[in-house]
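A.B. asks: Input input_7.txt, format and content: compact mmCIF, C-alpha atoms.
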# COMPACT_ATOMS: atom_id res chain seq x y z
CA MET Z 4 93.88 106.26 53.47
CA PRO Z 5 90.17 106.68 54.33
CA PHE Z 6 88.37 105.11 57.28
CA SER Z 7 85.52 102.68 56.64
CA SER Z 8 82.12 104.36 56.24
CA LYS Z 9 80.84 101.91 58.89
CA ILE Z 10 82.11 104.28 61.58
CA ASN Z 11 79.83 107.09 60.38
CA SER Z 12 76.78 107.51 62.59
CA ASN Z 13 73.33 108.48 61.35
CA TYR Z 14 72.57 110.00 64.74
CA LYS Z 15 73.38 113.66 65.27
CA PRO Z 16 73.66 114.27 69.03
CA LYS Z 17 71.48 116.92 70.71
CA ARG Z 18 72.48 119.21 73.56
CA LEU Z 19 70.74 118.39 76.85
CA ALA Z 20 70.25 120.82 79.74
CA ILE Z 21 70.70 118.86 82.97
CA LYS Z 22 70.36 119.65 86.65
CA LEU Z 23 71.57 117.44 89.47
CA ASN Z 24 70.83 117.06 93.16
CA SER Z 25 73.47 118.33 95.57
CA LYS Z 26 75.14 114.89 95.86
CA GLY Z 27 75.49 114.61 92.07
CA GLU Z 28 76.76 118.17 91.86
CA GLN Z 29 79.47 117.44 94.44
CA PHE Z 30 80.65 114.45 92.39
CA VAL Z 31 80.93 116.60 89.25
CA LEU Z 32 82.72 119.42 91.05
CA LYS Z 33 85.26 116.91 92.42
CA GLY Z 34 85.94 115.68 88.88
CA HIS Z 35 84.34 112.24 89.28
CA PRO Z 36 83.60 110.75 85.83
CA TRP Z 37 80.20 109.20 86.65
CA VAL Z 38 76.73 110.65 87.27
CA PHE Z 39 74.08 108.11 88.30
CA SER Z 40 70.44 108.39 87.24
CA ASN Z 41 69.29 108.96 90.84
CA ASN Z 42 71.40 112.16 90.98
CA ILE Z 43 69.62 113.75 88.01
CA THR Z 44 66.70 116.04 88.88
CA LYS Z 45 65.99 117.56 85.45
CA ILE Z 46 66.62 116.25 81.92
CA ASN Z 47 65.04 116.53 78.44
CA ASP Z 48 62.30 113.94 77.74
CA ASP Z 49 63.77 112.92 74.38
CA ALA Z 50 67.36 112.28 75.62
CA LYS Z 51 69.23 109.56 73.71
CA SER Z 52 72.61 107.83 74.07
CA GLY Z 53 75.39 110.05 72.72
CA ASP Z 54 73.62 113.34 73.43
CA LEU Z 55 75.83 116.02 74.97
CA ALA Z 56 74.84 116.60 78.59
CA ILE Z 57 75.36 120.20 79.70
CA ILE Z 58 75.24 120.20 83.48
CA PHE Z 59 74.10 123.37 85.22
CA GLY Z 60 74.95 124.16 88.81
CA LYS Z 61 72.01 124.40 91.22
CA ASN Z 62 72.64 127.88 92.51
CA LYS Z 63 73.92 130.26 89.86
CA ASN Z 64 72.77 128.50 86.68
CA LYS Z 65 76.41 128.15 85.71
CA VAL Z 66 77.67 125.26 83.57
CA ILE Z 67 79.74 123.02 85.86
CA GLY Z 68 80.46 120.12 83.50
CA LEU Z 69 79.91 118.35 80.18
CA GLY Z 70 79.31 114.66 79.57
CA LEU Z 71 77.72 112.11 77.27
CA TYR Z 72 74.25 110.78 78.08
CA ASP Z 73 73.81 106.99 78.22
CA ASP Z 74 70.21 105.74 78.28
CA LYS Z 75 71.30 102.08 78.66
CA SER Z 76 73.19 102.45 81.94
CA PRO Z 77 72.49 103.44 85.57
CA ILE Z 78 75.57 105.67 85.11
CA GLN Z 79 73.53 107.96 82.87
CA ILE Z 80 76.16 110.63 82.30
CA LYS Z 81 79.76 109.79 81.51
CA MET Z 82 81.75 112.97 82.12
CA LEU Z 83 84.07 114.50 79.54
CA HIS Z 84 84.86 117.75 81.28
CA SER Z 85 84.35 119.11 84.81
CA GLY Z 86 84.58 122.74 85.87
CA THR Z 87 83.30 126.15 84.80
CA GLU Z 88 85.93 126.70 82.10
CA LYS Z 89 84.25 126.96 78.67
CA VAL Z 90 85.11 124.15 76.25
CA GLU Z 91 83.73 122.88 72.94
CA ILE Z 92 83.37 119.12 72.52
CA ASN Z 93 84.87 118.73 69.05
CA GLU Z 94 87.79 117.17 67.19
CA VAL Z 95 90.34 119.50 68.83
CA PHE Z 96 89.01 118.67 72.32
CA PHE Z 97 89.37 114.90 71.74
CA ARG Z 98 92.71 115.22 69.93
CA ASN Z 99 94.22 117.14 72.86
CA LYS Z 100 93.08 114.43 75.28
CA ILE Z 101 94.60 111.71 73.07
CA LYS Z 102 97.89 113.66 72.76
CA LYS Z 103 98.05 114.01 76.54
CA ALA Z 104 97.43 110.27 76.98
CA TYR Z 105 100.15 109.43 74.42
CA GLN Z 106 102.71 111.64 76.19
CA ILE Z 107 102.17 109.66 79.44
CA ARG Z 108 102.92 106.40 77.59
CA LYS Z 109 105.95 107.59 75.62
CA PRO Z 110 108.60 106.33 78.12
CA LEU Z 111 107.30 102.75 77.58
CA LEU Z 112 108.25 102.90 73.90
CA LYS Z 113 111.91 103.31 74.88
CA THR Z 114 111.95 99.95 76.71
CA LYS Z 115 111.90 97.47 73.78
CA THR Z 116 108.09 97.57 74.00
CA ASN Z 117 105.69 98.29 71.15
CA SER Z 118 102.41 97.40 72.88
CA TYR Z 119 100.57 99.69 75.28
CA ARG Z 120 97.17 100.96 76.36
CA LEU Z 121 96.72 104.34 74.67
CA LEU Z 122 93.33 105.13 76.23
CA PHE Z 123 92.27 103.70 79.60
CA GLY Z 124 88.59 104.65 79.65
CA GLU Z 125 87.52 107.17 82.29
CA ASN Z 126 91.09 107.57 83.53
CA ASP Z 127 92.05 109.26 80.25
CA GLY Z 128 88.73 111.08 79.81
CA PHE Z 129 87.11 108.48 77.51
CA PRO Z 130 84.55 106.65 79.70
CA GLY Z 131 83.51 103.33 78.19
CA LEU Z 132 86.28 103.29 75.55
CA ILE Z 133 89.62 101.45 75.52
CA ALA Z 134 92.37 101.73 72.90
CA ASP Z 135 95.29 99.27 72.86
CA VAL Z 136 98.26 99.27 70.48
CA TYR Z 137 99.92 96.00 69.38
CA ALA Z 138 102.90 96.86 67.14
CA SER Z 139 101.25 98.55 64.13
CA VAL Z 140 97.66 97.61 65.02
CA LEU Z 141 95.31 99.70 67.16
CA VAL Z 142 92.35 97.91 68.75
CA VAL Z 143 89.54 100.16 69.96
CA LYS Z 144 87.05 98.46 72.28
CA ILE Z 145 83.73 100.25 72.75
CA TYR Z 146 81.55 99.51 75.77
CA SER Z 147 78.79 102.10 75.27
CA GLU Z 148 76.60 103.50 72.47
CA ILE Z 149 77.58 107.02 73.60
CA TRP Z 150 80.69 106.86 71.40
CA LEU Z 151 78.99 105.87 68.15
CA PRO Z 152 78.32 109.45 66.94
CA TYR Z 153 81.92 110.47 67.75
CA LEU Z 154 83.96 107.66 66.17
CA GLU Z 155 84.52 109.50 62.88
CA THR Z 156 85.90 112.42 64.93
CA ILE Z 157 88.08 110.38 67.32
CA LEU Z 158 89.51 107.50 65.28
CA PRO Z 159 91.58 109.59 62.80
CA SER Z 160 93.31 111.33 65.74
CA LEU Z 161 93.98 107.99 67.47
CA GLN Z 162 95.49 106.58 64.28
CA ASP Z 163 97.54 109.67 63.53
CA ILE Z 164 98.97 110.10 67.05
CA SER Z 165 99.82 106.41 67.52
CA LYS Z 166 101.09 106.10 63.89
CA VAL Z 167 99.49 102.66 63.49
CA GLU Z 168 98.77 101.11 60.09
CA THR Z 169 95.57 99.26 61.02
CA VAL Z 170 92.56 100.03 63.24
CA VAL Z 171 90.26 97.27 64.53
CA ILE Z 172 86.95 97.84 66.34
CA ARG Z 173 85.92 95.47 69.14
CA LEU Z 174 82.45 95.68 70.69
CA SER Z 175 81.15 94.75 74.12
CA ARG Z 176 78.43 92.07 74.20
CA SER Z 177 75.66 94.63 74.68
CA LEU Z 178 76.95 96.69 71.74
CA GLU Z 179 77.13 93.62 69.51
CA GLN Z 180 73.37 93.30 69.98
CA SER Z 181 72.67 97.02 69.49
CA GLU Z 182 70.96 98.17 66.29
CA ALA Z 183 72.34 101.71 66.59
CA HIS Z 184 75.32 101.02 64.28
CA GLN Z 185 76.55 99.01 61.27
CA LEU Z 186 79.71 97.73 62.96
CA LYS Z 187 80.57 94.10 63.64
CA ASN Z 188 82.91 92.94 66.39
CA GLY Z 189 86.39 92.68 64.83
CA ASP Z 190 85.74 95.04 61.91
CA VAL Z 191 88.92 96.44 60.35
CA VAL Z 192 87.98 100.10 59.82
CA TYR Z 193 91.38 101.41 58.68
CA GLY Z 194 94.21 99.75 56.76
CA THR Z 195 94.41 96.00 56.28
CA LEU Z 196 94.94 93.04 58.59
CA GLU Z 197 96.69 90.10 56.95
CA ASN Z 198 96.53 87.95 60.07
CA GLU Z 199 94.23 88.29 63.07
CA VAL Z 200 97.16 87.14 65.23
CA VAL Z 201 99.58 90.04 65.68
CA GLU Z 202 103.12 89.69 67.02
CA PHE Z 203 104.27 92.35 69.48
CA VAL Z 204 107.14 92.98 71.91
CA GLU Z 205 106.96 93.55 75.66
CA HIS Z 206 110.26 94.51 77.35
CA GLY Z 207 112.19 92.57 74.70
CA VAL Z 208 109.97 89.46 74.98
CA ASN Z 209 107.82 88.41 71.99
CA PHE Z 210 104.09 87.64 72.23
CA LEU Z 211 101.02 87.10 70.06
CA ALA Z 212 97.64 88.83 70.38
CA ASN Z 213 94.54 87.69 68.53
CA VAL Z 214 93.04 91.14 67.92
CA ILE Z 215 89.79 89.76 66.46
CA LYS Z 216 88.89 86.85 68.76
CA GLY Z 217 91.13 87.22 71.84
CA HIS Z 218 89.82 88.34 75.26
CA LYS Z 219 89.21 92.10 75.62
CA THR Z 220 91.41 93.58 72.86
CA GLY Z 221 93.52 90.47 72.31
CA TYR Z 222 95.77 90.35 75.36
CA PHE Z 223 96.09 91.69 78.93
CA LEU Z 224 98.68 94.48 78.90
CA ASP Z 225 98.19 95.64 82.49
CA HIS Z 226 100.62 93.20 84.18
CA ARG Z 227 103.54 94.12 81.91
CA ALA Z 228 105.78 95.50 84.69
CA ASN Z 229 105.03 92.53 86.96
CA ARG Z 230 105.79 90.04 84.18
CA LYS Z 231 109.16 91.72 83.62
CA GLN Z 232 109.90 91.61 87.36
CA VAL Z 233 108.94 87.94 87.71
CA GLY Z 234 111.08 87.14 84.67
CA GLU Z 235 114.13 88.82 86.21
CA TRP Z 236 113.70 86.82 89.44
CA SER Z 237 113.18 83.46 87.67
CA LYS Z 238 116.66 82.78 86.28
CA GLY Z 239 117.60 79.17 87.02
CA LYS Z 240 114.34 78.62 88.95
CA THR Z 241 111.28 76.38 88.69
CA VAL Z 242 108.15 78.48 88.16
CA LEU Z 243 104.40 77.87 88.47
CA ASP Z 244 102.13 80.34 86.63
CA VAL Z 245 98.53 79.89 87.87
CA PHE Z 246 95.62 81.26 85.78
CA SER Z 247 98.32 81.68 83.14
CA TYR Z 248 95.97 82.46 80.21
CA ALA Z 249 98.38 83.04 77.25
CA GLY Z 250 101.45 82.56 79.45
CA GLY Z 251 102.49 86.15 80.16
CA PHE Z 252 104.46 85.36 83.33
CA SER Z 253 105.56 81.96 82.00
CA VAL Z 254 107.10 83.36 78.82
CA HIS Z 255 108.98 86.15 80.63
CA ALA Z 256 110.34 83.52 83.05
CA LEU Z 257 111.46 81.24 80.19
CA ALA Z 258 113.01 84.11 78.24
CA ASN Z 259 114.96 85.08 81.38
CA GLY Z 260 116.47 81.63 81.88
CA ALA Z 261 114.02 79.75 84.13
CA LYS Z 262 114.90 76.06 84.45
CA GLU Z 263 111.30 74.80 84.24
CA VAL Z 264 107.97 76.62 83.91
CA THR Z 265 104.50 75.16 84.42
CA SER Z 266 101.53 77.10 83.00
CA LEU Z 267 98.18 76.23 84.60
CA ASP Z 268 94.85 77.32 83.13
CA ILE Z 269 91.33 75.97 82.66
CA SER Z 270 91.47 76.77 78.93
CA LYS Z 271 93.36 74.31 76.74
CA GLN Z 272 93.25 76.87 73.90
CA ALA Z 273 94.89 79.54 76.10
CA LEU Z 274 97.65 77.09 77.05
CA GLU Z 275 98.30 76.32 73.37
CA ILE Z 276 98.79 80.07 72.85
CA ALA Z 277 101.12 80.12 75.89
CA ILE Z 278 103.27 77.41 74.25
CA GLN Z 279 103.27 79.38 70.96
CA ASN Z 280 104.23 82.59 72.79
CA GLY Z 281 107.10 80.77 74.43
CA LYS Z 282 108.39 79.53 71.07
CA LEU Z 283 108.63 83.10 69.74
CA ASN Z 284 111.58 83.52 72.12
CA HIS Z 285 114.87 81.73 72.69
CA TYR Z 286 114.86 79.62 75.86
CA THR Z 287 116.53 76.47 77.15
CA GLY Z 288 114.18 75.61 80.04
CA LYS Z 289 111.24 73.21 79.97
CA HIS Z 290 107.66 74.50 79.42
CA LYS Z 291 104.95 72.26 80.86
CA THR Z 292 101.18 72.84 81.00
CA ILE Z 293 98.34 71.73 83.28
CA THR Z 294 94.74 72.10 82.08
CA GLY Z 295 92.09 72.30 84.78
CA ASP Z 296 90.39 74.23 87.57
CA ALA Z 297 93.12 76.10 89.46
CA PHE Z 298 91.87 75.31 92.98
CA GLU Z 299 91.59 71.57 92.23
CA GLU Z 300 94.91 71.34 90.39
CA LEU Z 301 96.80 73.20 93.13
CA LYS Z 302 95.44 70.77 95.72
CA LYS Z 303 96.67 67.84 93.58
CA LEU Z 304 100.17 69.34 93.33
CA ILE Z 305 100.23 69.82 97.14
CA LYS Z 306 99.08 66.23 97.66
CA ASN Z 307 101.98 65.08 95.46
CA LYS Z 308 104.38 67.23 97.51
CA ILE Z 309 105.47 69.26 94.46
CA THR Z 310 106.90 72.73 95.10
CA PHE Z 311 108.26 75.57 92.95
CA ASP Z 312 110.88 78.26 93.53
CA VAL Z 313 108.50 80.93 92.15
CA VAL Z 314 104.70 80.72 92.30
CA VAL Z 315 102.58 83.35 90.54
CA ILE Z 316 98.80 83.42 91.15
CA ASP Z 317 96.93 85.96 89.04
CA PRO Z 318 93.21 85.06 88.97
CA PRO Z 319 90.45 86.76 86.97
CA SER Z 320 88.20 89.21 88.82
CA PHE Z 321 86.29 87.43 91.59
CA ALA Z 322 83.98 90.38 92.40
CA LYS Z 323 82.10 91.67 89.37
CA GLN Z 324 79.45 93.11 91.72
CA ASN Z 325 79.26 94.21 95.36
CA SER Z 326 77.39 91.07 96.43
CA GLU Z 327 80.47 88.98 95.50
CA ILE Z 328 83.03 90.88 97.59
CA GLU Z 329 82.99 88.58 100.64
CA LEU Z 330 83.26 85.42 98.54
CA ALA Z 331 86.11 87.02 96.57
CA LYS Z 332 88.01 87.72 99.80
CA LYS Z 333 87.63 84.06 100.83
CA LYS Z 334 88.97 82.93 97.45
CA TYR Z 335 91.99 85.23 97.75
CA ALA Z 336 92.72 83.82 101.22
CA GLN Z 337 92.39 80.28 99.86
CA LEU Z 338 94.79 81.01 96.98
CA ALA Z 339 97.34 82.57 99.34
CA GLU Z 340 97.15 79.43 101.51
CA LEU Z 341 97.54 77.06 98.53
CA GLY Z 342 100.33 79.22 97.09
CA GLU Z 343 102.30 79.14 100.33
CA LYS Z 344 102.18 75.32 100.41
CA LEU Z 345 103.46 75.18 96.82
CA THR Z 346 106.34 77.62 97.33
CA ALA Z 347 109.68 75.91 97.94
CA LYS Z 348 112.11 76.80 100.74
CA ASN Z 349 113.20 80.45 100.46
CA GLY Z 350 110.94 80.70 97.42
CA LEU Z 351 108.94 83.61 96.06
CA LEU Z 352 105.13 83.78 96.08
CA VAL Z 353 103.48 86.43 93.86
CA LEU Z 354 99.80 87.13 94.53
CA ALA Z 355 97.73 89.43 92.32
CA SER Z 356 94.16 90.75 92.13
CA CYS Z 357 92.24 92.59 89.43
CA SER Z 358 88.97 92.94 91.43
CA SER Z 359 88.41 96.70 91.75
CA ARG Z 360 85.77 96.09 94.45
CA VAL Z 361 88.37 94.45 96.70
CA VAL Z 362 90.51 97.47 97.46
CA SER Z 363 94.28 97.31 97.61
CA GLN Z 364 94.61 97.50 101.40
CA ALA Z 365 92.03 94.73 101.92
CA PHE Z 366 93.83 92.45 99.45
CA PHE Z 367 97.26 92.95 101.01
CA ASP Z 368 95.77 92.45 104.51
CA ILE Z 369 94.23 89.11 103.44
CA ASN Z 370 97.61 87.94 102.12
CA SER Z 371 99.47 89.02 105.28
CA GLN Z 372 96.95 87.36 107.62
CA THR Z 373 96.94 84.11 105.63
CA LEU Z 374 100.73 83.88 105.26
CA SER Z 375 101.34 84.82 108.91
CA SER Z 376 99.17 81.92 110.04
CA SER Z 377 101.35 79.48 108.03
CA ASN Z 378 104.16 79.71 110.63
CA ARG Z 379 106.74 80.40 107.91
CA ALA Z 380 108.86 83.51 108.16
CA TYR Z 381 108.49 85.76 105.12
CA GLU Z 382 109.07 89.31 104.02
CA VAL Z 383 107.07 91.51 101.66
CA ILE Z 384 109.66 92.51 99.07
CA LEU Z 385 107.42 94.47 96.72
CA LYS Z 386 103.89 95.78 96.30
CA THR Z 387 102.89 97.08 92.89
CA GLN Z 388 99.83 98.60 91.32
CA HIS Z 389 99.27 100.05 87.84
CA ASP Z 390 101.83 100.41 85.05
CA ILE Z 391 102.14 103.86 83.44
CA ASP Z 392 99.76 103.08 80.56
CA HIS Z 393 97.00 102.38 83.10
CA PRO Z 394 96.91 105.73 84.97
CA ILE Z 395 94.35 106.25 87.74
CA SER Z 396 92.27 109.43 87.88
CA PHE Z 397 89.49 108.35 90.30
CA PRO Z 398 89.24 105.75 93.10
CA GLU Z 399 87.10 103.22 91.20
CA GLY Z 400 89.60 103.34 88.31
CA ALA Z 401 92.16 101.42 90.40
CA TYR Z 402 91.88 97.65 90.22
CA LEU Z 403 95.30 96.01 89.87
CA LYS Z 404 97.49 95.08 92.84
CA CYS Z 405 100.29 92.60 93.23
CA GLY Z 406 102.30 91.48 96.26
CA TYR Z 407 105.70 89.70 96.24
CA TYR Z 408 106.35 87.50 99.30
CA ARG Z 409 109.78 85.95 99.92
CA PHE Z 410 109.93 83.07 102.43
CA LYS Z 411 112.90 83.03 104.83
CA ASP Z 412 113.09 79.37 105.78
CA ASN Z 413 116.78 79.20 106.64
CA ALA Z 414 116.65 82.11 109.05
Represent the structure of the file as structure tokens.

C.D. replies:
Amino acid sequence: MPFSSKINSNYKPKRLAIKLNSKGEQFVLKGHPWVFSNNITKINDDAKSGDLAIIFGKNKNKVIGLGLYDDKSPIQIKMLHSGTEKVEINEVFFRNKIKKAYQIRKPLLKTKTNSYRLLFGENDGFPGLIADVYASVLVVKIYSEIWLPYLETILPSLQDISKVETVVIRLSRSLEQSEAHQLKNGDVVYGTLENEVVEFVEHGVNFLANVIKGHKTGYFLDHRANRKQVGEWSKGKTVLDVFSYAGGFSVHALANGAKEVTSLDISKQALEIAIQNGKLNHYTGKHKTITGDAFEELKKLIKNKITFDVVVIDPPSFAKQNSEIELAKKKYAQLAELGEKLTAKNGLLVLASCSSRVVSQAFFDINSQTLSSSNRAYEVILKTQHDIDHPISFPEGAYLKCGYYRFKDNA
């Protein structure tokens, strides 16, 4: 079956000779995937996005790395290969990287799971490109023009290695407005898609992903292990899932025998999907929803003296840029405080963060300080970070952290 001709690029990338300052060179030699514009000392005048950047060392004129040039970003070179070993950037190069990524994910497919992140951007050697599998559909999200000339080389390998029947392209907002391609967000470039809503399985629990209109690629796969864990600890319990989106934690809790689950989100549409996701599974508990701003709704629940055996708080990123870090930390402290008040005697509070700029240690410290000042005895029973399909290859690639806090009120 052929791929759509829309993935063919008119632009044939050039080879660029690039020199860096000593700081930039150190980053490349350490295998960091980003080179910023202020670290480049010499570059061709006619460089364009997608050109192959050949980075020469300062001293011996040796090639120390290869990357793709991005003229739309302060991170002007996204690295593909670091080191002095000679490599050719071609179909074999990309296929080997995809094979390696697939091997890492293989254990997941033995756990009644058919959804996973096949490529996690820089962490798998594909900066600015994400590939998620939902059952037999592969969704490739592109964040940078650098990949446009390489799609016809990469996509057949992605399809072949993952054995999917359909490939969908999703574009970042900036790429949607770019005139450098013929693609539209949500284009099906391989196979057919009878329904934009795809059913998939996560640790034996059924879910839906809208692969054309849903957030990111259609769903958030990163919390899979935490959802499974929360589900296992929710049997016979009352559960509050805050910032629930499509009900990931809620549905695992219901499928594992929770007595009553409340999904809270600002989006009515997301909560409707959460209800639908729940109905794909057998459960006997009650599924309630609250639509509204999380901070306001939590305060109302506290005022009404309502508590839950399990409280999960998984907000969106609060720090998209460095200037927002301090405000983000205050919000995390506030959520920990509200969560503690809503957690019943001997209950479980689960606090998560996906802000990469608030590092793991800082997040866990905020939770400990806030909970310690509540005068309730508690123990940290688990701290988790990334699942195996979200491997970390450089510090900035880590963003997800989750703490499980058990209150000991009878002690």

A.B. asks: Find, counting all atoms listed in the file, the residue in Z:Leu122, Z:Val90, Z:Pro5, Z:Val200 that gets nearest to Val140 of chain Z.

C.D. replies: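 Using all atoms listed in the file, the shortest distance to Val140 of chain Z belongs to Z:Val200.
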
A.B. asks: Quote the spacing between atom CA of Ile305 of chain Z and atom CA of Gly350 of chain Z in Å to one decimal place.

C.D. replies: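 Between these atoms lies a distance of 15.3 Å.
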
A.B. asks: Could you check which of Z:Leu301, Z:Asn349, Z:Gly400, Z:Ile269 is closest to Gly131 of chain Z, using all atoms listed in the file?

C.D. replies: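 With all atoms listed in the file as the atom set, the closest residue is Z:Gly400.
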
A.B. asks: What is the atom CA of Gln364 of chain Z-atom CA of Asp225 of chain Z distance in Å, reported with one decimal?

C.D. replies: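 Going from atom CA of Gln364 of chain Z over to atom CA of Asp225 of chain Z covers 19.3 Å.
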
A.B. asks: Smallest atom-to-atom distance to Met4 of chain Z: which of Z:Phe97, Z:Phe246, Z:Tyr407, Z:Tyr193, using only C-alpha atoms?

C.D. replies: Z:Tyr193

A.B. asks: Atom CA of Ser177 of chain Z and atom CA of Ser7 of chain Z, how far apart in Å?

C.D. replies: 22.1 Å

A.B. asks: Looking at all atoms listed in the file, which of Z:Ala380, Z:Cys357, Z:Val191, Z:Val362 is the one that sits closest to Pro398 of chain Z?

C.D. replies: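 Counting all atoms listed in the file, the residue closest to Pro398 of chain Z is Z:Val362.
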
A.B. asks: Excluding same-chain residues fewer than 4 positions from Gln388 of chain Z, what lies within 12 Å of it counting only C-alpha atoms, as a VMD selection string?

C.D. replies: chain Z and resid 225 to 229 354 to 357 359 362 to 364 366 to 367 392 to 395 400 to 407

A.B. asks: Skipping near chain neighbours, those fewer than 6 positions away, what residues fall within 7 Å of Asp73 of chain Z using only C-alpha atoms, listed as a list of chain:residue names?

C.D. replies: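 The filter keeps Z:Lys51, Z:Ser52, Z:Gly53, Z:Gln79, Z:Ile80, Z:Ile149.
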
A.B. asks: Go ahead and save the residues from that selection, with C-alpha atoms, as a PDB file, in the frame of the given file.

C.D. replies:
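Ended up saving to part_31.pdb:
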ATOM      1  CA  LYS Z  51      69.230 109.560  73.710  1.00  0.00           C
ATOM      2  CA  SER Z  52      72.610 107.830  74.070  1.00  0.00           C
ATOM      3  CA  GLY Z  53      75.390 110.050  72.720  1.00  0.00           C
ATOM      4  CA  GLN Z  79      73.530 107.960  82.870  1.00  0.00           C
ATOM      5  CA  ILE Z  80      76.160 110.630  82.300  1.00  0.00           C
ATOM      6  CA  ILE Z 149      77.580 107.020  73.600  1.00  0.00           C
TER       7      ILE Z 149
END

A.B. asks: Residues within 12 Å of (96.2, 79.6, 98.3), file coordinates, counting only C-alpha atoms: what are they? Give the list as a ChimeraX atom specification.

C.D. replies: /Z:245,297-302,305,314-318,332-346,352-355,369-370,373-374,377

A.B. asks: Taking all atoms listed in the file into account, name the residue in Z:Gly86, Z:Pro159, Z:Gly207, Z:Gly70 that is nearest to Ser118 of chain Z.

C.D. replies: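 Of the candidates, the smallest distance to Ser118 of chain Z is held by Z:Gly207.
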
A.B. asks: Tell me, as an MDAnalysis selection string, which residues lie within 9 Å of Gln185 of chain Z, counting all atoms listed in the file; anything in the same chain fewer than 4 positions away does not count.

C.D. replies: chainID Z and resid 9:12

A.B. asks: Closest to Asp54 of chain Z among Z:Leu112, Z:Ile309, Z:Met82, Z:Leu330, using all atoms listed in the file?

C.D. replies: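 The answer is Z:Met82, which sits nearest to Asp54 of chain Z.
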
A.B. asks: Which residues are near Leu121 of chain Z? Cut-off 7 Å, only C-alpha atoms, ignore same chain within fewer than 5 positions. Put them as a PyMOL selection string.

C.D. replies: chain Z and resi 104-105+134-136+392

A.B. asks: Quick one: axis-aligned box around all listed atoms of segment 280-298 of chain Z, 5 Å on every side, centre and edge lengths in Å to one decimal, written as JSON.

C.D. replies:
{"center_x": 103.5, "center_y": 77.6, "center_z": 81.4, "size_x": 36.1, "size_y": 21.8, "size_z": 33.2}

A.B. asks: Using only C-alpha atoms, find all polymer residues with an atom at most 10 Å away from the point (97.4, 95.8, 61.9); report them as a ChimeraX atom specification.

C.D. replies: /Z:136-142,167-171,191,193-202,214

A.B. asks: With all heavy atoms as the target, complete segment 108-112 of chain Z and hand it back as a PDB file, keeping the file's coordinate frame.

C.D. replies:
ATOM      1  N   ARG Z 108     102.443 107.735  77.952  1.00  0.00           N
ATOM      2  CA  ARG Z 108     102.920 106.400  77.590  1.00  0.00           C
ATOM      3  C   ARG Z 108     104.289 106.386  76.905  1.00  0.00           C
ATOM      4  O   ARG Z 108     104.908 105.326  76.780  1.00  0.00           O
ATOM      5  CB  ARG Z 108     101.926 105.731  76.631  1.00  0.00           C
ATOM      6  CG  ARG Z 108     100.711 105.101  77.288  1.00  0.00           C
ATOM      7  CD  ARG Z 108      99.623 106.058  77.544  1.00  0.00           C
ATOM      8  NE  ARG Z 108      98.427 105.388  78.074  1.00  0.00           N
ATOM      9  CZ  ARG Z 108      97.482 106.026  78.717  1.00  0.00           C
ATOM     10  NH1 ARG Z 108      97.568 107.321  78.935  1.00  0.00           N
ATOM     11  NH2 ARG Z 108      96.429 105.377  79.163  1.00  0.00           N
ATOM     12  N   LYS Z 109     104.734 107.532  76.437  1.00  0.00           N
ATOM     13  CA  LYS Z 109     105.950 107.590  75.620  1.00  0.00           C
ATOM     14  C   LYS Z 109     107.158 106.875  76.219  1.00  0.00           C
ATOM     15  O   LYS Z 109     107.892 106.186  75.515  1.00  0.00           O
ATOM     16  CB  LYS Z 109     106.300 109.051  75.315  1.00  0.00           C
ATOM     17  CG  LYS Z 109     106.057 109.431  73.872  1.00  0.00           C
ATOM     18  CD  LYS Z 109     106.433 110.851  73.621  1.00  0.00           C
ATOM     19  CE  LYS Z 109     107.129 111.008  72.293  1.00  0.00           C
ATOM     20  NZ  LYS Z 109     107.366 112.424  71.974  1.00  0.00           N
ATOM     21  N   PRO Z 110     107.431 107.021  77.546  1.00  0.00           N
ATOM     22  CA  PRO Z 110     108.600 106.330  78.120  1.00  0.00           C
ATOM     23  C   PRO Z 110     108.593 104.816  77.894  1.00  0.00           C
ATOM     24  O   PRO Z 110     109.649 104.197  77.780  1.00  0.00           O
ATOM     25  CB  PRO Z 110     108.503 106.660  79.620  1.00  0.00           C
ATOM     26  CG  PRO Z 110     107.705 107.927  79.678  1.00  0.00           C
ATOM     27  CD  PRO Z 110     106.734 107.859  78.542  1.00  0.00           C
ATOM     28  N   LEU Z 111     107.388 104.202  77.812  1.00  0.00           N
ATOM     29  CA  LEU Z 111     107.300 102.750  77.580  1.00  0.00           C
ATOM     30  C   LEU Z 111     107.937 102.366  76.257  1.00  0.00           C
ATOM     31  O   LEU Z 111     108.529 101.296  76.120  1.00  0.00           O
ATOM     32  CB  LEU Z 111     105.832 102.327  77.543  1.00  0.00           C
ATOM     33  CG  LEU Z 111     105.219 101.715  78.782  1.00  0.00           C
ATOM     34  CD1 LEU Z 111     103.779 101.352  78.517  1.00  0.00           C
ATOM     35  CD2 LEU Z 111     106.004 100.500  79.257  1.00  0.00           C
ATOM     36  N   LEU Z 112     107.778 103.226  75.250  1.00  0.00           N
ATOM     37  CA  LEU Z 112     108.250 102.900  73.900  1.00  0.00           C
ATOM     38  C   LEU Z 112     109.765 102.904  73.796  1.00  0.00           C
ATOM     39  O   LEU Z 112     110.322 102.512  72.779  1.00  0.00           O
ATOM     40  CB  LEU Z 112     107.632 103.868  72.886  1.00  0.00           C
ATOM     41  CG  LEU Z 112     106.090 103.881  72.881  1.00  0.00           C
ATOM     42  CD1 LEU Z 112     105.555 104.904  71.910  1.00  0.00           C
ATOM     43  CD2 LEU Z 112     105.534 102.501  72.549  1.00  0.00           C
TER      44      LEU Z 112
END
